[in-house]
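Heads up, upload01.cif below (mmCIF, C-alpha atoms):
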```cif
data_start
loop_
_atom_site.label_atom_id
_atom_site.label_comp_id
_atom_site.auth_asym_id
_atom_site.auth_seq_id
_atom_site.Cartn_x
_atom_site.Cartn_y
_atom_site.Cartn_z
CA MET C 142 0.00 0.00 0.00
CA VAL C 143 1.25 3.47 -0.90
CA ASN C 144 0.45 7.03 0.15
CA ALA C 145 -3.18 7.95 -0.55
CA TRP C 146 -2.39 10.29 -3.45
CA VAL C 147 0.29 8.25 -5.24
CA PRO C 148 -2.23 6.39 -7.46
CA LEU C 149 -3.78 9.65 -8.66
CA GLY C 150 -0.40 11.16 -9.46
CA ALA C 151 0.67 8.00 -11.29
CA ALA C 152 -2.54 7.98 -13.34
CA LEU C 153 -2.10 11.64 -14.29
CA LEU C 154 1.47 10.97 -15.40
CA ALA C 155 0.40 7.90 -17.38
CA PHE C 156 -2.26 9.93 -19.18
CA HIS C 157 0.21 12.74 -19.86
CA GLU C 158 2.65 10.25 -21.35
CA GLY C 159 0.07 8.85 -23.74
CA ASP C 160 -2.03 6.24 -21.89
CA HIS C 161 -5.36 7.88 -22.64
CA GLN C 162 -7.28 4.81 -21.45
CA ALA C 163 -5.89 5.08 -17.91
CA GLU C 164 -8.51 4.62 -15.20
CA ILE C 165 -8.55 5.09 -11.44
CA LEU C 166 -10.54 2.77 -9.20
CA VAL C 167 -12.36 4.88 -6.61
CA SER C 168 -13.59 2.98 -3.53
CA SER C 169 -15.37 4.40 -0.50
CA ASP C 170 -17.46 3.52 2.53
CA TYR C 171 -20.41 5.42 1.05
CA PHE C 172 -20.64 4.90 -2.71
CA ALA C 173 -20.29 1.82 -4.89
CA ASP C 174 -16.82 1.29 -6.41
CA GLU C 175 -16.34 3.25 -9.61
CA ARG C 176 -13.72 3.36 -12.35
CA VAL C 177 -13.03 6.95 -13.34
CA ALA C 178 -11.06 7.94 -16.42
CA ALA C 179 -7.78 9.70 -15.60
CA ARG C 180 -8.85 12.20 -18.29
CA SER C 181 -11.50 13.48 -15.84
CA TYR C 182 -8.78 14.57 -13.42
CA TYR C 183 -6.20 15.59 -16.03
CA ARG C 184 -8.52 17.96 -17.91
CA PRO C 185 -6.86 18.15 -21.39
CA ASP C 186 -6.33 21.66 -22.73
CA ASP C 187 -8.89 21.24 -25.52
CA GLU C 188 -11.74 20.16 -23.23
CA VAL C 189 -14.23 22.70 -21.93
CA LEU C 190 -14.21 22.99 -18.14
CA PRO C 191 -17.41 22.60 -16.09
CA GLU C 192 -19.42 25.78 -15.65
CA LEU C 193 -18.74 26.08 -11.92
CA GLU C 194 -15.01 25.95 -12.54
CA ILE C 195 -15.20 28.52 -15.35
CA HIS C 196 -17.15 30.78 -13.00
CA ALA C 197 -14.51 30.34 -10.29
CA LEU C 198 -11.61 31.13 -12.61
CA ARG C 199 -13.33 34.34 -13.70
CA ARG C 200 -13.57 35.43 -10.06
CA CYS C 201 -9.86 34.93 -9.29
CA HIS C 202 -7.76 38.04 -8.91
CA ASP C 203 -4.10 38.99 -8.50
CA ARG C 204 -1.84 36.38 -6.82
CA VAL C 205 -3.50 32.96 -6.72
CA LEU C 206 -2.77 29.80 -4.72
CA ASP C 207 -4.17 26.78 -6.57
CA LEU C 208 -4.37 24.35 -3.67
CA GLY C 209 -4.55 20.68 -4.65
CA ALA C 210 -3.72 21.69 -8.21
CA GLY C 211 -3.61 18.15 -9.66
CA ALA C 212 -2.55 18.19 -13.30
CA GLY C 213 -2.54 22.00 -13.41
CA ARG C 214 -5.33 22.83 -15.86
CA HIS C 215 -6.72 25.61 -13.67
CA ALA C 216 -3.27 27.07 -13.04
CA LEU C 217 -2.59 27.10 -16.78
CA GLU C 218 -5.86 28.91 -17.47
CA LEU C 219 -5.00 31.55 -14.88
CA GLN C 220 -1.42 31.93 -16.14
CA GLY C 221 -2.81 32.58 -19.58
CA LYS C 222 -4.83 35.46 -18.16
CA GLY C 223 -1.76 37.01 -16.58
CA HIS C 224 -2.18 35.88 -12.99
CA ASN C 225 0.75 35.07 -10.72
CA VAL C 226 -0.12 31.49 -9.74
CA LEU C 227 1.41 29.07 -7.25
CA ALA C 228 0.15 25.53 -7.99
CA LEU C 229 0.55 23.24 -4.98
CA ASP C 230 -0.02 19.49 -4.70
CA VAL C 231 1.10 16.62 -2.45
CA ALA C 232 1.47 14.09 -5.30
CA GLU C 233 4.99 14.14 -6.76
CA ASP C 234 3.90 12.83 -10.15
CA ALA C 235 1.15 15.47 -10.35
CA VAL C 236 3.75 18.20 -9.81
CA LYS C 237 5.88 16.62 -12.52
CA VAL C 238 2.91 16.72 -14.91
CA MET C 239 2.18 20.36 -14.07
CA ARG C 240 5.76 21.36 -14.83
CA CYS C 241 5.69 19.45 -18.10
CA ARG C 242 2.47 21.20 -19.09
CA GLY C 243 4.03 24.60 -18.49
CA VAL C 244 2.95 25.64 -14.99
CA ARG C 245 5.69 28.08 -14.02
CA ASP C 246 5.45 27.76 -10.22
CA ALA C 247 4.41 24.19 -9.42
CA ARG C 248 5.48 22.98 -5.99
CA LEU C 249 5.30 19.76 -4.01
CA GLY C 250 3.89 20.34 -0.54
CA ARG C 251 1.04 21.46 1.65
CA HIS C 252 -0.43 24.83 2.49
CA SER C 253 1.23 24.62 5.90
CA ASP C 254 4.59 24.90 4.12
CA LEU C 255 3.80 28.40 2.84
CA VAL C 256 4.97 30.31 5.90
CA GLY C 257 5.05 34.05 5.32
CA GLU C 258 3.39 33.93 1.88
CA THR C 259 0.05 35.58 1.17
CA PHE C 260 -2.42 35.35 -1.70
CA ASP C 261 -5.30 37.39 -3.02
CA THR C 262 -7.16 34.23 -4.01
CA VAL C 263 -6.95 30.71 -2.63
CA LEU C 264 -8.53 28.40 -5.20
CA MET C 265 -9.78 24.93 -4.22
CA LEU C 266 -11.68 23.31 -7.08
CA MET C 267 -12.91 19.78 -7.82
CA ASN C 268 -14.27 19.75 -4.27
CA GLY C 269 -10.88 20.84 -2.99
CA ILE C 270 -12.36 21.95 0.34
CA GLY C 271 -12.86 18.22 0.88
CA LEU C 272 -9.24 17.83 1.91
CA ALA C 273 -10.42 19.03 5.32
CA GLY C 274 -11.50 15.40 5.79
CA ASP C 275 -14.32 16.05 8.25
CA LEU C 276 -16.06 18.91 10.03
CA ARG C 277 -13.39 19.17 12.71
CA GLY C 278 -10.79 19.29 9.94
CA LEU C 279 -12.79 22.01 8.19
CA ARG C 280 -12.44 24.24 11.22
CA ASP C 281 -8.69 23.53 11.31
CA LEU C 282 -8.28 24.11 7.57
CA LEU C 283 -10.01 27.49 7.59
CA THR C 284 -7.95 28.50 10.62
CA GLU C 285 -4.77 27.61 8.70
CA LEU C 286 -5.85 29.30 5.45
CA ARG C 287 -6.89 32.58 7.05
CA PRO C 288 -3.27 33.85 7.52
CA LEU C 289 -2.53 33.08 3.85
CA LEU C 290 -5.07 35.65 2.70
CA ALA C 291 -3.80 39.09 1.78
CA PRO C 292 -5.99 42.06 2.82
CA GLY C 293 -9.18 41.79 0.79
CA GLY C 294 -8.33 38.18 -0.10
CA GLN C 295 -10.79 35.41 -0.86
CA ILE C 296 -11.16 31.63 -0.86
CA LEU C 297 -13.01 30.15 -3.84
CA CYS C 298 -14.12 26.55 -3.40
CA ASP C 299 -16.73 24.13 -4.61
CA SER C 300 -18.43 21.30 -2.78
CA ALA C 301 -21.75 19.46 -2.71
CA ASP C 302 -24.62 18.89 -0.33
CA LEU C 303 -25.10 15.12 -0.48
CA GLY C 304 -28.62 15.58 0.85
CA ASP C 305 -29.46 17.35 -2.41
CA ALA C 306 -27.31 15.16 -4.64
CA PHE C 307 -29.58 12.11 -4.80
CA ASP C 308 -33.28 11.38 -4.88
CA PRO C 309 -34.66 9.36 -1.91
CA GLU C 310 -34.47 6.03 -3.75
CA ALA C 311 -30.84 6.63 -4.71
CA MET C 312 -30.03 7.65 -1.15
CA ARG C 313 -31.36 4.31 0.11
CA SER C 314 -29.13 2.48 -2.33
CA LEU C 315 -25.88 4.12 -1.21
CA VAL C 316 -23.52 1.43 0.03
CA GLY C 317 -22.75 2.80 3.46
CA LEU C 318 -25.85 4.80 4.29
CA LYS C 319 -27.51 2.28 6.61
CA ARG C 320 -24.40 1.67 8.68
CA ARG C 321 -23.25 5.29 9.05
CA SER C 322 -24.01 7.90 11.64
CA GLY C 323 -22.98 11.51 12.03
CA TYR C 324 -22.63 14.08 9.27
CA PRO C 325 -23.42 12.41 5.90
CA GLY C 326 -20.77 14.39 4.01
CA GLU C 327 -17.89 12.72 5.87
CA VAL C 328 -16.69 9.96 3.52
CA THR C 329 -13.65 7.68 3.43
CA PHE C 330 -12.06 6.98 0.04
CA ARG C 331 -9.31 4.84 -1.44
CA LEU C 332 -7.74 5.26 -4.90
CA SER C 333 -6.08 2.50 -6.90
CA PHE C 334 -4.25 2.59 -10.22
CA GLY C 335 -2.84 -0.60 -11.70
CA ARG C 336 -0.96 -2.33 -8.89
CA LEU C 337 -0.84 0.83 -6.80
CA GLU C 338 -3.36 0.76 -3.97
CA GLY C 339 -3.46 3.93 -1.92
CA ALA C 340 -4.12 4.25 1.79
CA THR C 341 -7.62 5.30 2.78
CA TYR C 342 -8.22 8.98 3.39
CA PRO C 343 -11.12 11.05 4.76
CA TRP C 344 -12.94 13.49 2.51
CA LEU C 345 -15.62 16.06 3.18
CA PHE C 346 -18.65 17.11 1.17
CA VAL C 347 -20.03 20.10 3.08
CA ASP C 348 -23.35 21.86 2.59
CA TRP C 349 -23.13 25.62 2.21
CA ARG C 350 -24.88 26.34 5.52
CA LYS C 351 -22.27 24.37 7.45
CA LEU C 352 -19.48 25.99 5.43
CA SER C 353 -20.91 29.42 6.21
CA LEU C 354 -21.08 28.61 9.92
CA TYR C 355 -17.46 27.47 10.11
CA ALA C 356 -16.28 30.37 7.95
CA SER C 357 -17.93 32.87 10.31
CA GLU C 358 -15.66 31.59 13.11
CA GLN C 359 -12.74 33.04 11.09
CA ASN C 360 -14.64 36.26 10.41
CA LEU C 361 -15.15 35.15 6.83
CA VAL C 362 -18.42 35.71 4.98
CA CYS C 363 -19.63 32.81 2.85
CA GLU C 364 -21.37 33.72 -0.39
CA VAL C 365 -22.72 31.09 -2.80
CA LEU C 366 -21.81 32.27 -6.29
CA ALA C 367 -23.41 29.51 -8.36
CA HIS C 368 -25.19 26.17 -8.13
CA GLY C 369 -24.48 23.12 -10.26
CA SER C 370 -26.00 19.68 -10.68
CA ARG C 371 -26.51 17.10 -7.92
CA GLY C 372 -26.18 19.49 -5.00
CA SER C 373 -22.91 21.10 -6.12
CA TYR C 374 -22.17 24.76 -5.57
CA LEU C 375 -19.38 27.34 -5.80
CA ALA C 376 -18.69 29.46 -2.72
CA ARG C 377 -16.61 32.54 -1.98
CA LEU C 378 -15.24 33.12 1.51
CA SER C 379 -13.99 36.64 2.10
#
```

Take the structure in this file and express it as C-alpha cells.
Amino acid sequence: MVNAWVPLGAALLAFHEGDHQAEILVSSDYFADERVAARSYYRPDDEVLPELEIHALRRCHDRVLDLGAGAGRHALELQGKGHNVLALDVAEDAVKVMRCRGVRDARLGRHSDLVGETFDTVLMLMNGIGLAGDLRGLRDLLTELRPLLAPGGQILCDSADLGDAFDPEAMRSLVGLKRRSGYPGEVTFRLSFGRLEGATYPWLFVDWRKLSLYASEQNLVCEVLAHGSRGSYLARLS
C-alpha cells in the first residue's frame, strides 16, 4: 500500500505520457466502487471545463494559490490570463505533470509549508475543500488558510450537499448509508491505479450552511456564487 495520493499522481502521469485509457478505481465507505477515467482529473487543454469551474476562474484576482492543483489545468488557465499562480499538490507525479504542461510555479507540498506567503485568491476546485476530511478538519483548515489571505483576499471553493445530490431512492441504495451515523458528508475513500493501492483517506462534502457557519468563526463571509448539478455549488469566503 502506498500514500493515498500516489495512485492519482501516477494515473495523471500515465495519461500525460500517452495512456489515454488510464482509469482510477475509486472505492469508498459510502458509494459503490467506480472506475473513473484519468482524463476526468487531467482535464486536457482542448476540453471545456465545467461551468462552476469557469465561473470560479473568472472570479480569481491577483496572486492565486491553486491548492490541490492536480494536473494543473486551472493554473494554466490563470497563467494565460496574466495571474501570478502558485500551484501546490502533495502528489509528486502530479507536480511533474504540471511542470511538463508549463505551470511556471508548481510545488510539491502542503499549504502549511507556505509560511510568510500571502495570496489574493486561494482556489480549491474539484471539491478541494474536501481535503479538510471532516467537520473538525474544516475548522482547522479554515484557521490555517486565514493567515494566507492578503488584505481583501478570498477563498473560492466548490463542494456538494449530499442531501441534495440524490433522490430518496438513490439515497437508500448508497452502500454505506444504513451503517453510518454523524454528518453524511464525511466519507472515506481509497484510490487505486494498476498495482498501486493507496491508503484510505477522509474526505468532506459540506453543505453551504455548514461551510458558512465554520467560515464565520474566522470572520469570513460565505457567499454562494453559483449552483451546479446534484447538490454542487461554488462558494466565496472573504

Please put the answer as lines of an AutoDock Vina configuration file: centre and edge lengths, in Å with one decimal, of a box along x, y and z that encloses all listed atoms of segment 322-338 of chain C plus 8 Å on each side.
```
center_x = -12.4
center_y = 6.0
center_z = 0.2
size_x = 39.2
size_y = 32.7
size_z = 39.7
```

Worksheet item: Please, which residues are within 8 Å of (-21.4, 30.2, -4.0) by the file's coordinates, counting all atoms listed in the file, and could they come as a ChimeraX atom specification?
Response: /C:299,349,363-368,374-377

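Across the structure, atom CA of His196 of chain C and atom CA of Gly269 of chain C are spaced 15.4 Å apart.
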
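Counting from atom CA of Leu303 of chain C, the distance to atom CA of Tyr171 of chain C is 10.9 Å.
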
Fill in: Residues matched by the PyMOL selection byres ((chain C and resi 244-246) around 8), written as a ChimeraX atom specification
/C:213,216-217,220,226-228,239-243,247-248

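For the file at hand, the PyMOL selection byres ((chain C and resi 273-283) around 8) resolves to C:Ile270, C:Gly271, C:Leu272, C:Thr284, C:Glu285, C:Leu286, C:Arg287, C:Gly326, C:Glu327, C:Val328, C:Tyr342, C:Pro343, C:Trp344, C:Leu345, C:Tyr355, C:Ala356, C:Gln359.
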
Worksheet item: Written as JSON, numbers by chain, what is the full residue list that the PyMOL selection byres ((chain C and resi 302) around 8) yields on the file shown?
Response: {"C": [300, 301, 303, 304, 305, 306, 326, 346, 347, 348, 349, 372, 373]}

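Interatomic distance, atom CA of Val238 of chain C against atom CA of Arg200 of chain C: 25.4 Å.
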